[in-house]
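**Student:** Structure file data-v2.csv (CSV, C-alpha atoms) right here:
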```csv
chain,number,residue,atom,x,y,z
A,1,MET,CA,23.5,52.8,143.9
A,2,LYS,CA,23.9,52.1,140.1
A,3,LYS,CA,27.6,52.7,140.4
A,4,ALA,CA,27.9,50.4,143.4
A,5,LEU,CA,26.0,47.7,141.5
A,6,ALA,CA,28.1,48.1,138.4
A,7,GLY,CA,31.3,47.9,140.6
A,8,LEU,CA,30.0,44.7,142.2
A,9,LEU,CA,29.2,43.2,138.8
A,10,GLY,CA,32.6,44.2,137.6
A,11,LEU,CA,34.3,42.5,140.6
A,12,ALA,CA,32.2,39.4,140.0
A,13,GLY,CA,33.2,39.3,136.4
A,14,VAL,CA,36.9,39.6,137.3
A,15,ALA,CA,36.5,36.9,140.0
A,16,TRP,CA,34.8,34.6,137.4
A,17,ALA,CA,37.6,35.2,134.8
A,18,LEU,CA,40.3,34.4,137.4
A,19,LYS,CA,38.6,31.6,139.2
A,20,ASP,CA,40.6,28.8,137.5
A,21,VAL,CA,43.9,30.7,137.5
A,22,PRO,CA,45.4,29.0,140.7
A,23,LYS,CA,44.6,25.6,139.3
A,24,GLN,CA,45.9,26.5,135.9
A,25,LEU,CA,49.3,27.3,137.4
A,26,GLY,CA,49.7,23.6,138.1
A,27,GLY,CA,51.5,21.8,140.9
A,28,LYS,CA,54.9,22.1,142.5
A,29,PRO,CA,57.4,19.4,141.5
A,30,ASP,CA,59.3,17.6,144.3
A,31,PRO,CA,62.9,19.0,144.1
A,32,ILE,CA,64.3,15.7,145.6
A,33,ARG,CA,62.8,13.8,142.7
A,34,MET,CA,64.0,16.3,140.2
A,35,ALA,CA,67.6,16.2,141.5
A,36,ARG,CA,68.1,12.8,139.8
A,37,SER,CA,68.6,14.7,136.6
A,38,PRO,CA,72.1,16.0,135.8
A,39,ARG,CA,70.4,19.1,134.3
A,40,TYR,CA,68.9,20.0,137.7
A,41,ARG,CA,70.9,22.2,140.1
A,42,ASP,CA,70.2,25.0,142.5
A,43,GLY,CA,66.5,24.2,142.3
A,44,LYS,CA,66.1,24.6,138.6
A,45,PHE,CA,66.7,22.8,135.2
A,46,HIS,CA,69.3,24.2,132.9
A,47,ASN,CA,70.1,24.0,129.2
A,48,ASP,CA,73.4,22.5,128.1
A,49,LYS,CA,74.7,26.1,127.7
A,50,GLU,CA,73.5,29.4,129.2
A,51,VAL,CA,70.9,31.0,127.0
A,52,ARG,CA,68.9,34.2,127.1
A,53,THR,CA,65.2,33.5,127.8
A,54,VAL,CA,64.0,37.1,128.6
A,55,PRO,CA,64.2,39.8,125.9
A,56,ASP,CA,65.8,43.1,127.0
A,57,ARG,CA,63.6,46.1,127.1
A,58,ASP,CA,65.2,47.8,124.1
A,59,SER,CA,64.3,44.9,121.8
A,60,PHE,CA,60.8,44.1,123.1
A,61,SER,CA,57.6,46.1,123.5
A,62,ILE,CA,54.7,44.6,125.5
A,63,ARG,CA,52.3,47.0,123.8
A,64,ASP,CA,53.4,45.9,120.3
A,65,PHE,CA,53.3,42.3,121.4
A,66,VAL,CA,49.7,42.5,122.8
A,67,PHE,CA,48.2,44.7,120.1
A,68,GLY,CA,50.5,44.2,117.2
A,69,SER,CA,49.5,44.9,113.6
A,70,GLU,CA,46.9,43.4,111.3
A,71,ASP,CA,49.4,41.4,109.3
A,72,ARG,CA,50.0,39.1,112.3
A,73,LYS,CA,46.5,37.6,111.7
A,74,PRO,CA,45.0,35.9,108.6
A,75,SER,CA,43.0,38.3,106.5
A,76,VAL,CA,40.1,35.8,106.0
A,77,ALA,CA,39.1,32.5,107.6
A,78,VAL,CA,41.7,29.8,107.7
A,79,PRO,CA,40.6,26.7,105.7
A,80,LEU,CA,40.0,23.7,107.9
A,81,VAL,CA,39.9,20.0,107.0
A,82,GLY,CA,37.5,17.7,108.9
A,83,PRO,CA,38.2,14.2,110.3
A,84,ALA,CA,39.2,11.5,107.8
A,85,ALA,CA,38.4,7.8,107.8
A,86,PRO,CA,40.4,5.5,110.1
A,87,VAL,CA,43.6,4.0,108.8
A,88,SER,CA,45.2,0.8,109.9
A,89,GLU,CA,48.5,0.9,107.9
A,90,GLY,CA,51.3,3.3,107.2
A,91,LEU,CA,52.5,6.5,108.9
A,92,HIS,CA,50.1,9.4,109.0
A,93,ILE,CA,50.3,12.8,110.8
A,94,THR,CA,47.3,15.1,111.4
A,95,TRP,CA,48.2,18.7,112.3
A,96,TYR,CA,45.5,20.5,114.3
A,97,GLY,CA,47.2,23.9,114.3
A,98,HIS,CA,50.1,25.4,116.3
A,99,ALA,CA,52.0,22.4,117.8
A,100,SER,CA,49.1,19.9,118.3
A,101,ALA,CA,49.4,16.8,116.1
A,102,LEU,CA,48.3,13.2,116.0
A,103,ILE,CA,50.9,10.6,114.9
A,104,GLU,CA,49.4,7.3,113.6
A,105,ILE,CA,51.6,4.3,112.9
A,106,ASP,CA,49.9,1.2,111.6
A,107,GLY,CA,46.6,2.1,113.3
A,108,ALA,CA,48.0,3.1,116.7
A,109,ALA,CA,48.2,6.7,117.7
A,110,VAL,CA,50.1,9.2,119.9
A,111,LEU,CA,48.9,12.8,120.5
A,112,VAL,CA,51.5,15.5,121.0
A,113,ASP,CA,51.0,18.8,122.8
A,114,PRO,CA,47.2,18.9,122.4
A,115,VAL,CA,45.6,22.3,123.0
A,116,TRP,CA,41.9,22.6,122.3
A,117,SER,CA,41.1,25.7,124.4
A,118,ASP,CA,40.3,29.1,122.9
A,119,ARG,CA,43.1,30.9,124.7
A,120,VAL,CA,46.7,29.9,125.7
A,121,SER,CA,46.5,31.6,129.1
A,122,PRO,CA,45.6,30.9,132.7
A,123,SER,CA,42.5,33.0,132.1
A,124,VAL,CA,39.5,32.3,129.8
A,125,ARG,CA,39.1,36.1,129.3
A,126,VAL,CA,42.6,37.4,128.5
A,127,GLY,CA,45.6,36.1,126.6
A,128,PRO,CA,46.4,35.0,123.0
A,129,LYS,CA,43.2,33.7,121.4
A,130,ARG,CA,42.7,31.2,118.5
A,131,LEU,CA,43.0,32.6,115.0
A,132,HIS,CA,41.0,29.6,113.7
A,133,PRO,CA,38.6,27.1,115.3
A,134,VAL,CA,39.8,23.7,116.4
A,135,PRO,CA,39.4,21.6,113.2
A,136,HIS,CA,38.4,18.4,115.0
A,137,GLN,CA,36.7,17.6,118.3
A,138,LEU,CA,38.4,15.4,120.8
A,139,SER,CA,35.6,12.9,120.3
A,140,ASP,CA,36.8,12.6,116.6
A,141,LEU,CA,40.2,11.2,117.7
A,142,PRO,CA,41.0,7.5,117.3
A,143,ALA,CA,42.1,5.5,120.3
A,144,VAL,CA,45.2,7.2,121.6
A,145,SER,CA,48.0,5.2,123.3
A,146,ALA,CA,49.8,8.1,124.8
A,147,VAL,CA,49.7,11.9,125.1
A,148,VAL,CA,53.2,13.4,124.8
A,149,ILE,CA,54.0,16.8,126.1
A,150,SER,CA,57.1,18.9,125.3
A,151,HIS,CA,57.0,21.5,128.1
A,152,ASP,CA,54.6,23.3,130.4
A,153,HIS,CA,53.9,26.6,128.6
A,154,TYR,CA,50.2,27.3,128.0
A,155,ASP,CA,50.4,26.8,124.2
A,156,HIS,CA,51.7,23.3,124.7
A,157,LEU,CA,50.1,22.1,128.0
A,158,ASP,CA,46.4,22.9,128.3
A,159,MET,CA,44.6,22.0,131.5
A,160,GLN,CA,41.1,21.7,130.0
A,161,THR,CA,42.4,19.4,127.2
A,162,VAL,CA,44.3,17.3,129.7
A,163,GLN,CA,41.2,16.9,131.9
A,164,ALA,CA,39.0,16.0,128.9
A,165,LEU,CA,41.5,13.4,127.7
A,166,THR,CA,41.8,12.0,131.2
A,167,SER,CA,38.1,11.3,131.3
A,168,SER,CA,37.6,10.3,127.7
A,169,THR,CA,40.6,8.1,127.0
A,170,SER,CA,42.9,5.6,128.8
A,171,ALA,CA,46.0,7.2,127.3
A,172,VAL,CA,49.2,7.5,129.4
A,173,PHE,CA,50.7,11.0,129.7
A,174,VAL,CA,54.4,10.9,128.9
A,175,VAL,CA,56.1,14.1,129.9
A,176,PRO,CA,59.4,15.7,130.9
A,177,LEU,CA,60.5,15.7,134.5
A,178,GLY,CA,58.3,17.8,136.8
A,179,LEU,CA,55.2,18.1,134.6
A,180,GLY,CA,53.7,15.2,136.6
A,181,ALA,CA,53.0,17.7,139.4
A,182,HIS,CA,50.8,19.7,137.1
A,183,LEU,CA,48.9,16.6,135.9
A,184,ALA,CA,48.4,15.4,139.4
A,185,ARG,CA,46.8,18.7,140.4
A,186,TRP,CA,44.5,18.3,137.5
A,187,ASP,CA,43.4,14.9,138.7
A,188,VAL,CA,45.3,12.7,136.3
A,189,PRO,CA,45.9,9.3,138.1
A,190,ALA,CA,49.5,8.6,139.1
A,191,SER,CA,49.3,5.3,137.2
A,192,ARG,CA,48.8,7.3,133.9
A,193,ILE,CA,51.8,9.7,134.4
A,194,VAL,CA,55.3,8.9,133.1
A,195,GLU,CA,58.0,11.5,133.7
A,196,LEU,CA,61.3,11.2,131.8
A,197,ASP,CA,64.6,12.9,131.7
A,198,TRP,CA,66.5,13.5,128.4
A,199,ASP,CA,67.6,10.2,126.9
A,200,GLU,CA,65.0,8.1,128.8
A,201,SER,CA,62.3,6.1,127.1
A,202,HIS,CA,58.9,4.6,127.8
A,203,SER,CA,57.2,1.9,125.8
A,204,VAL,CA,53.4,1.6,125.3
A,205,ASP,CA,51.3,-0.3,122.6
A,206,GLY,CA,54.4,-0.9,120.5
A,207,PHE,CA,55.6,2.7,120.7
A,208,THR,CA,58.9,3.7,122.1
A,209,LEU,CA,58.8,7.3,123.2
A,210,THR,CA,62.1,8.9,123.9
A,211,CYS,CA,62.6,12.2,125.7
A,212,THR,CA,65.4,14.1,123.9
A,213,ALA,CA,67.2,17.5,124.3
A,214,ALA,CA,65.8,20.9,123.4
A,215,GLN,CA,67.0,24.5,124.2
A,216,HIS,CA,64.2,26.3,125.8
A,217,PHE,CA,62.7,27.1,129.3
A,218,SER,CA,59.6,26.4,131.3
A,219,GLY,CA,57.1,28.0,133.6
A,220,ARG,CA,53.4,28.8,134.0
A,221,SER,CA,54.0,31.8,136.3
A,222,VAL,CA,56.9,34.0,137.3
A,223,GLN,CA,58.7,30.9,138.7
A,224,ARG,CA,60.7,29.4,135.8
A,225,ASN,CA,62.6,26.2,135.0
A,226,VAL,CA,61.3,24.0,137.9
A,227,THR,CA,60.1,21.6,135.2
A,228,LEU,CA,62.0,20.2,132.2
A,229,TRP,CA,61.5,20.9,128.5
A,230,ALA,CA,62.2,18.4,125.7
A,231,SER,CA,61.9,17.2,122.2
A,232,TRP,CA,60.6,13.7,121.4
A,233,VAL,CA,61.5,10.7,119.3
A,234,ILE,CA,58.4,8.6,118.6
A,235,LYS,CA,59.0,5.1,117.1
A,236,ARG,CA,56.9,2.1,116.4
A,237,GLY,CA,58.3,-0.8,114.4
A,238,SER,CA,60.4,0.5,111.6
A,239,ARG,CA,58.7,3.9,111.5
A,240,SER,CA,59.9,7.0,113.4
A,241,VAL,CA,59.0,10.6,113.9
A,242,PHE,CA,60.9,13.5,115.6
A,243,TYR,CA,59.1,16.4,117.3
A,244,SER,CA,61.2,19.4,118.2
A,245,GLY,CA,59.0,21.0,120.8
A,246,ASP,CA,59.9,24.6,121.4
A,247,THR,CA,63.6,25.3,121.0
A,248,GLY,CA,66.4,27.5,119.7
A,249,TYR,CA,68.9,26.0,117.3
A,250,PHE,CA,71.6,24.1,119.0
A,251,GLU,CA,74.3,21.5,118.3
A,252,GLY,CA,72.4,18.8,120.1
A,253,TYR,CA,70.3,18.0,116.9
A,254,LYS,CA,73.3,16.2,115.4
A,255,ALA,CA,73.6,14.0,118.5
A,256,ILE,CA,69.9,13.2,118.3
A,257,GLY,CA,70.2,12.3,114.7
A,258,ALA,CA,73.2,10.1,115.3
A,259,ALA,CA,71.4,8.3,118.2
A,260,HIS,CA,67.9,8.0,116.8
A,261,GLY,CA,67.7,9.0,113.2
A,262,PRO,CA,67.1,9.0,110.4
A,263,PHE,CA,63.4,9.9,110.7
A,264,ASP,CA,60.5,9.3,108.3
A,265,ALA,CA,59.0,12.7,109.3
A,266,VAL,CA,59.9,15.7,111.5
A,267,LEU,CA,57.5,18.1,113.2
A,268,MET,CA,59.7,21.2,113.5
A,269,GLN,CA,58.9,24.5,115.3
A,270,VAL,CA,59.2,27.3,112.8
A,271,GLY,CA,57.1,30.1,114.1
A,272,ALA,CA,57.0,32.8,116.9
A,273,TYR,CA,60.7,33.6,116.4
A,274,ASP,CA,62.2,37.1,116.9
A,275,ASP,CA,65.6,38.8,117.3
A,276,ALA,CA,64.5,39.4,120.9
A,277,TRP,CA,64.6,35.7,121.8
A,278,PRO,CA,67.0,34.0,119.3
A,279,ASP,CA,68.1,31.3,121.8
A,280,ILE,CA,64.7,29.8,122.5
A,281,HIS,CA,62.7,29.7,119.2
A,282,MET,CA,64.1,28.8,115.8
A,283,THR,CA,63.7,30.8,112.7
A,284,PRO,CA,62.4,28.9,109.6
A,285,GLU,CA,66.0,28.6,108.3
A,286,ASP,CA,67.1,27.3,111.6
A,287,GLY,CA,64.4,24.7,111.4
A,288,VAL,CA,65.5,23.4,108.0
A,289,GLN,CA,69.1,23.2,109.3
A,290,ALA,CA,67.9,21.3,112.4
A,291,PHE,CA,65.8,19.0,110.1
A,292,ASP,CA,69.0,18.2,108.2
A,293,ASP,CA,71.0,17.6,111.4
A,294,VAL,CA,68.6,15.0,112.7
A,295,GLY,CA,68.2,13.2,109.4
A,296,GLY,CA,64.7,14.0,108.5
A,297,GLY,CA,62.6,12.5,105.6
A,298,LEU,CA,59.5,14.7,105.3
A,299,LEU,CA,59.4,18.1,107.0
A,300,ILE,CA,56.1,19.3,108.5
A,301,PRO,CA,56.4,22.8,110.0
A,302,VAL,CA,54.5,23.4,113.3
A,303,HIS,CA,54.1,26.2,115.8
A,304,TRP,CA,52.5,28.7,113.5
A,305,ALA,CA,49.0,29.7,112.2
A,306,THR,CA,46.9,29.4,115.3
A,307,PHE,CA,48.0,31.8,118.0
A,308,ASN,CA,49.6,35.2,117.7
A,309,LEU,CA,52.9,34.7,119.7
A,310,GLY,CA,55.4,36.7,117.7
A,311,PHE,CA,56.0,39.9,115.9
A,312,HIS,CA,56.3,38.5,112.4
A,313,PRO,CA,53.5,38.5,109.8
A,314,TRP,CA,51.1,35.5,110.0
A,315,GLY,CA,52.2,33.7,106.9
A,316,GLU,CA,55.9,34.6,107.0
A,317,PRO,CA,57.2,31.4,108.7
A,318,ILE,CA,55.8,29.2,105.9
A,319,ASP,CA,56.9,31.5,103.1
A,320,ARG,CA,60.4,31.4,104.5
A,321,ILE,CA,60.5,27.7,105.1
A,322,TRP,CA,59.1,26.9,101.7
A,323,ARG,CA,61.8,29.0,100.1
A,324,GLU,CA,64.6,27.4,102.2
A,325,ALA,CA,63.3,23.9,101.6
A,326,LYS,CA,63.2,24.4,97.9
A,327,ALA,CA,66.7,25.9,97.9
A,328,ARG,CA,68.0,22.8,99.9
A,329,GLY,CA,66.0,20.1,98.2
A,330,VAL,CA,64.0,19.3,101.4
A,331,GLU,CA,60.7,17.4,101.0
A,332,LEU,CA,58.1,19.5,102.6
A,333,ALA,CA,54.4,19.2,103.5
A,334,VAL,CA,52.3,22.1,104.7
A,335,PRO,CA,48.8,20.8,105.7
A,336,ARG,CA,45.8,22.9,106.4
A,337,PRO,CA,44.7,22.6,110.1
A,338,GLY,CA,43.0,19.2,110.5
A,339,GLU,CA,44.5,17.7,107.4
A,340,ARG,CA,46.1,14.3,107.6
A,341,VAL,CA,49.4,13.8,105.8
A,342,ASP,CA,50.3,10.4,104.4
A,343,VAL,CA,54.0,10.5,105.0
A,344,ASP,CA,54.8,8.0,102.2
A,345,LYS,CA,52.6,10.0,99.7
A,346,PRO,CA,52.5,13.6,100.8
A,347,THR,CA,50.5,16.1,98.6
A,348,GLU,CA,52.5,18.8,96.9
A,349,VAL,CA,52.8,22.2,98.6
A,350,ASP,CA,50.2,24.5,97.1
A,351,GLY,CA,50.7,27.8,98.9
A,352,TRP,CA,47.2,27.7,100.4
A,353,TRP,CA,48.1,30.2,103.2
A,354,GLN,CA,49.3,33.0,100.8
A,355,ALA,CA,45.9,34.2,99.9
A,356,LEU,CA,45.2,34.6,103.6
A,357,ALA,CA,48.2,36.6,104.6
```
How would this structure read if it were set down as structure tokens?

**Tutor:**
Amino acid sequence: MKKALAGLLGLAGVAWALKDVPKQLGGKPDPIRMARSPRYRDGKFHNDKEVRTVPDRDSFSIRDFVFGSEDRKPSVAVPLVGPAAPVSEGLHITWYGHASALIEIDGAAVLVDPVWSDRVSPSVRVGPKRLHPVPHQLSDLPAVSAVVISHDHYDHLDMQTVQALTSSTSAVFVVPLGLGAHLARWDVPASRIVELDWDESHSVDGFTLTCTAAQHFSGRSVQRNVTLWASWVIKRGSRSVFYSGDTGYFEGYKAIGAAHGPFDAVLMQVGAYDDAWPDIHMTPEDGVQAFDDVGGGLLIPVHWATFNLGFHPWGEPIDRIWREAKARGVELAVPRPGERVDVDKPTEVDGWWQALA
């Protein structure tokens, strides 16, 4: 009897842990609508060149990826910075950890890849868990004109955060082609969804948001590449920011710089790289080269610190990018999670992460 009861309780626990998984997987894009893109053929989106998105078995160990070693986590608590007073002038960027950031230009704001959940997974019980708390609550945000998403992986597109922002803000969701199907399944009104192909733009509250190229892939289940991935150009007035999204290094950065640069600031992916997937995530050195290609002003590294998604030590991406930036004379800011950066007057890099590694 006890064994039977324990079994039932176990099944109930599994059912509870998996109850949101079908909805988390998102919706199915309309292939007829997707076919308007020159990148869409044979039912999928494609990079400009063929890239390897799945590591071969000889270079990748699931066991090592899941369990890893202690140096892939901070040794003590990550220092967080709480909300700052509102600003009405200038260009300010607040990094919340991983790839989530707020871009404020003269008092108006755009939120990129917001992830406030504890895990980047379809389940609340399994999957990569936060290495530090969220530094600000969503209620701490200023009024947000738009939520910009780079692609549909769980560490960039978070269902619970989308649903919370849908109910608490009037922001429009500006996303690459196909992601609208996910948002629609999560009850985002169609009037608040804007889907763009590369080189297409949307204007809102003085912002011009341009979807630009990236070299990556997409998918929230075994089905891949039915939605598009992207980087973003965010402009308002004379100020501009480039956000790389997730990407490998590719020649397209030079074209983006020629068409849209130079930029006041660049949010560049520098973490979760590995020799097993060199085409889809940049190394820190790649990130500095891409920054140079697009014509960056201030480099702010992202896609590190918050989730354990690679094999490298926790602080290695920033050690390497700091070294490369100094060697190449690149202006760098490395904020603590929650810290707002004044792009015109950034604070000097102080190596705060090194005592935690």

**Student:** Need to verify the contact set: Met268 of chain A, 6 Å, only C-alpha atoms, exclusion of same-chain residues closer than 6 positions in sequence. Can you return it as a ChimeraX atom specification?

**Tutor:** /A:244,301-302

**Student:** Between A:Ala164, A:Val172, A:Leu91, A:Leu177, which residue has the minimum interatomic distance to Arg239 of chain A, considering only C-alpha atoms?

**Tutor:**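 Smallest separation from Arg239 of chain A among the options: A:Leu91.
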
**Student:** Given only C-alpha atoms as the basis, pick out the residue of A:Ser75, A:Thr208, A:Gln137, A:Asn47 nearest to Val233 of chain A.

**Tutor:**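 Of A:Ser75, A:Thr208, A:Gln137, A:Asn47, the one nearest Val233 of chain A is A:Thr208, counting only C-alpha atoms.
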
**Student:** Could you name the residues that touch Thr169 of chain A at 8 Å or less, counting all atoms listed in the file, but leaving out those on the same chain fewer than 3 positions away, as a list in words?

**Tutor:**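 My reading of the contact set: Ala143, Val144, Leu165 and Thr166 of chain A.
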
**Student:** Go through A:Pro122, A:Ser238, A:Val174, A:Gly329 and flag the residue nearest Val21 of chain A, using only C-alpha atoms for the distances.

**Tutor:**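 Of the candidates, the smallest distance to Val21 of chain A is held by A:Pro122.
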
**Student:** List as a PyMOL selection string the protein and nucleic acid residues near Pro176 of chain A, meaning an atom at most 7 Å away when all atoms listed in the file are counted, but skip any in the same chain fewer than 4 places from it.

**Tutor:** chain A and resi 150-151+195-197+228-230

**Student:** Include C-alpha atoms and write out the residues we just selected as a PDB file, keeping the file's coordinate frame.

**Tutor:**
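So the final result, stored in part_3.pdb, reads:
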```pdb
ATOM      1  CA  SER A 150      57.100  18.900 125.300  1.00  0.00           C
ATOM      2  CA  HIS A 151      57.000  21.500 128.100  1.00  0.00           C
ATOM      3  CA  GLU A 195      58.000  11.500 133.700  1.00  0.00           C
ATOM      4  CA  LEU A 196      61.300  11.200 131.800  1.00  0.00           C
ATOM      5  CA  ASP A 197      64.600  12.900 131.700  1.00  0.00           C
ATOM      6  CA  LEU A 228      62.000  20.200 132.200  1.00  0.00           C
ATOM      7  CA  TRP A 229      61.500  20.900 128.500  1.00  0.00           C
ATOM      8  CA  ALA A 230      62.200  18.400 125.700  1.00  0.00           C
TER       9      ALA A 230
END
```

**Student:** Would you mind completing segment 92-101 of chain A so that it carries all heavy atoms, and writing it out as a PDB file, in the frame of the given file?

**Tutor:**
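Listed below is the output, rebuild.pdb:
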```
ATOM      1  N   HIS A  92      50.861   8.230 109.277  1.00  0.00           N
ATOM      2  CA  HIS A  92      50.100   9.400 109.000  1.00  0.00           C
ATOM      3  C   HIS A  92      50.155  10.410 110.106  1.00  0.00           C
ATOM      4  O   HIS A  92      50.190  10.029 111.285  1.00  0.00           O
ATOM      5  CB  HIS A  92      48.583   9.016 108.759  1.00  0.00           C
ATOM      6  CG  HIS A  92      48.355   8.075 107.621  1.00  0.00           C
ATOM      7  ND1 HIS A  92      48.580   6.716 107.725  1.00  0.00           N
ATOM      8  CD2 HIS A  92      47.951   8.304 106.339  1.00  0.00           C
ATOM      9  CE1 HIS A  92      48.309   6.140 106.565  1.00  0.00           C
ATOM     10  NE2 HIS A  92      47.930   7.076 105.716  1.00  0.00           N
ATOM     11  N   ILE A  93      50.188  11.688 109.762  1.00  0.00           N
ATOM     12  CA  ILE A  93      50.300  12.800 110.800  1.00  0.00           C
ATOM     13  C   ILE A  93      49.189  13.784 110.466  1.00  0.00           C
ATOM     14  O   ILE A  93      49.072  14.292 109.345  1.00  0.00           O
ATOM     15  CB  ILE A  93      51.664  13.430 110.729  1.00  0.00           C
ATOM     16  CG1 ILE A  93      52.743  12.407 111.140  1.00  0.00           C
ATOM     17  CG2 ILE A  93      51.693  14.643 111.654  1.00  0.00           C
ATOM     18  CD1 ILE A  93      54.161  12.931 111.047  1.00  0.00           C
ATOM     19  N   THR A  94      48.387  14.060 111.485  1.00  0.00           N
ATOM     20  CA  THR A  94      47.300  15.100 111.400  1.00  0.00           C
ATOM     21  C   THR A  94      47.755  16.274 112.221  1.00  0.00           C
ATOM     22  O   THR A  94      48.002  16.141 113.437  1.00  0.00           O
ATOM     23  CB  THR A  94      45.995  14.550 111.865  1.00  0.00           C
ATOM     24  OG1 THR A  94      45.648  13.384 111.122  1.00  0.00           O
ATOM     25  CG2 THR A  94      44.900  15.604 111.677  1.00  0.00           C
ATOM     26  N   TRP A  95      47.837  17.434 111.585  1.00  0.00           N
ATOM     27  CA  TRP A  95      48.200  18.700 112.300  1.00  0.00           C
ATOM     28  C   TRP A  95      46.908  19.441 112.578  1.00  0.00           C
ATOM     29  O   TRP A  95      46.102  19.707 111.688  1.00  0.00           O
ATOM     30  CB  TRP A  95      49.130  19.502 111.410  1.00  0.00           C
ATOM     31  CG  TRP A  95      49.520  20.830 111.983  1.00  0.00           C
ATOM     32  CD1 TRP A  95      50.183  21.071 113.135  1.00  0.00           C
ATOM     33  CD2 TRP A  95      49.265  22.115 111.397  1.00  0.00           C
ATOM     34  NE1 TRP A  95      50.372  22.422 113.309  1.00  0.00           N
ATOM     35  CE2 TRP A  95      49.814  23.085 112.256  1.00  0.00           C
ATOM     36  CE3 TRP A  95      48.636  22.533 110.218  1.00  0.00           C
ATOM     37  CZ2 TRP A  95      49.746  24.447 111.986  1.00  0.00           C
ATOM     38  CZ3 TRP A  95      48.563  23.887 109.948  1.00  0.00           C
ATOM     39  CH2 TRP A  95      49.117  24.835 110.820  1.00  0.00           C
ATOM     40  N   TYR A  96      46.700  19.816 113.842  1.00  0.00           N
ATOM     41  CA  TYR A  96      45.500  20.500 114.300  1.00  0.00           C
ATOM     42  C   TYR A  96      45.652  22.015 114.344  1.00  0.00           C
ATOM     43  O   TYR A  96      44.694  22.734 114.620  1.00  0.00           O
ATOM     44  CB  TYR A  96      45.005  19.963 115.596  1.00  0.00           C
ATOM     45  CG  TYR A  96      44.690  18.492 115.557  1.00  0.00           C
ATOM     46  CD1 TYR A  96      45.493  17.573 116.216  1.00  0.00           C
ATOM     47  CD2 TYR A  96      43.596  18.008 114.837  1.00  0.00           C
ATOM     48  CE1 TYR A  96      45.215  16.220 116.175  1.00  0.00           C
ATOM     49  CE2 TYR A  96      43.311  16.660 114.788  1.00  0.00           C
ATOM     50  CZ  TYR A  96      44.128  15.768 115.451  1.00  0.00           C
ATOM     51  OH  TYR A  96      43.851  14.422 115.400  1.00  0.00           O
ATOM     52  N   GLY A  97      46.866  22.504 114.107  1.00  0.00           N
ATOM     53  CA  GLY A  97      47.200  23.900 114.300  1.00  0.00           C
ATOM     54  C   GLY A  97      48.181  24.059 115.430  1.00  0.00           C
ATOM     55  O   GLY A  97      48.253  23.235 116.359  1.00  0.00           O
ATOM     56  N   HIS A  98      49.004  25.109 115.346  1.00  0.00           N
ATOM     57  CA  HIS A  98      50.100  25.400 116.300  1.00  0.00           C
ATOM     58  C   HIS A  98      50.959  24.129 116.430  1.00  0.00           C
ATOM     59  O   HIS A  98      51.507  23.677 115.429  1.00  0.00           O
ATOM     60  CB  HIS A  98      49.523  25.833 117.640  1.00  0.00           C
ATOM     61  CG  HIS A  98      50.554  26.530 118.476  1.00  0.00           C
ATOM     62  ND1 HIS A  98      51.214  27.655 118.031  1.00  0.00           N
ATOM     63  CD2 HIS A  98      51.070  26.250 119.706  1.00  0.00           C
ATOM     64  CE1 HIS A  98      52.076  28.040 118.952  1.00  0.00           C
ATOM     65  NE2 HIS A  98      52.016  27.200 119.972  1.00  0.00           N
ATOM     66  N   ALA A  99      51.100  23.545 117.626  1.00  0.00           N
ATOM     67  CA  ALA A  99      52.000  22.400 117.800  1.00  0.00           C
ATOM     68  C   ALA A  99      51.238  21.097 118.048  1.00  0.00           C
ATOM     69  O   ALA A  99      51.868  20.065 118.300  1.00  0.00           O
ATOM     70  CB  ALA A  99      52.974  22.662 118.926  1.00  0.00           C
ATOM     71  N   SER A 100      49.919  21.130 117.988  1.00  0.00           N
ATOM     72  CA  SER A 100      49.100  19.900 118.300  1.00  0.00           C
ATOM     73  C   SER A 100      49.051  19.024 117.065  1.00  0.00           C
ATOM     74  O   SER A 100      48.704  19.476 115.967  1.00  0.00           O
ATOM     75  CB  SER A 100      47.703  20.339 118.694  1.00  0.00           C
ATOM     76  OG  SER A 100      47.730  21.203 119.816  1.00  0.00           O
ATOM     77  N   ALA A 101      49.365  17.741 117.274  1.00  0.00           N
ATOM     78  CA  ALA A 101      49.400  16.800 116.100  1.00  0.00           C
ATOM     79  C   ALA A 101      49.107  15.394 116.625  1.00  0.00           C
ATOM     80  O   ALA A 101      49.408  15.030 117.771  1.00  0.00           O
ATOM     81  CB  ALA A 101      50.710  16.872 115.407  1.00  0.00           C
TER      82      ALA A 101
END
```
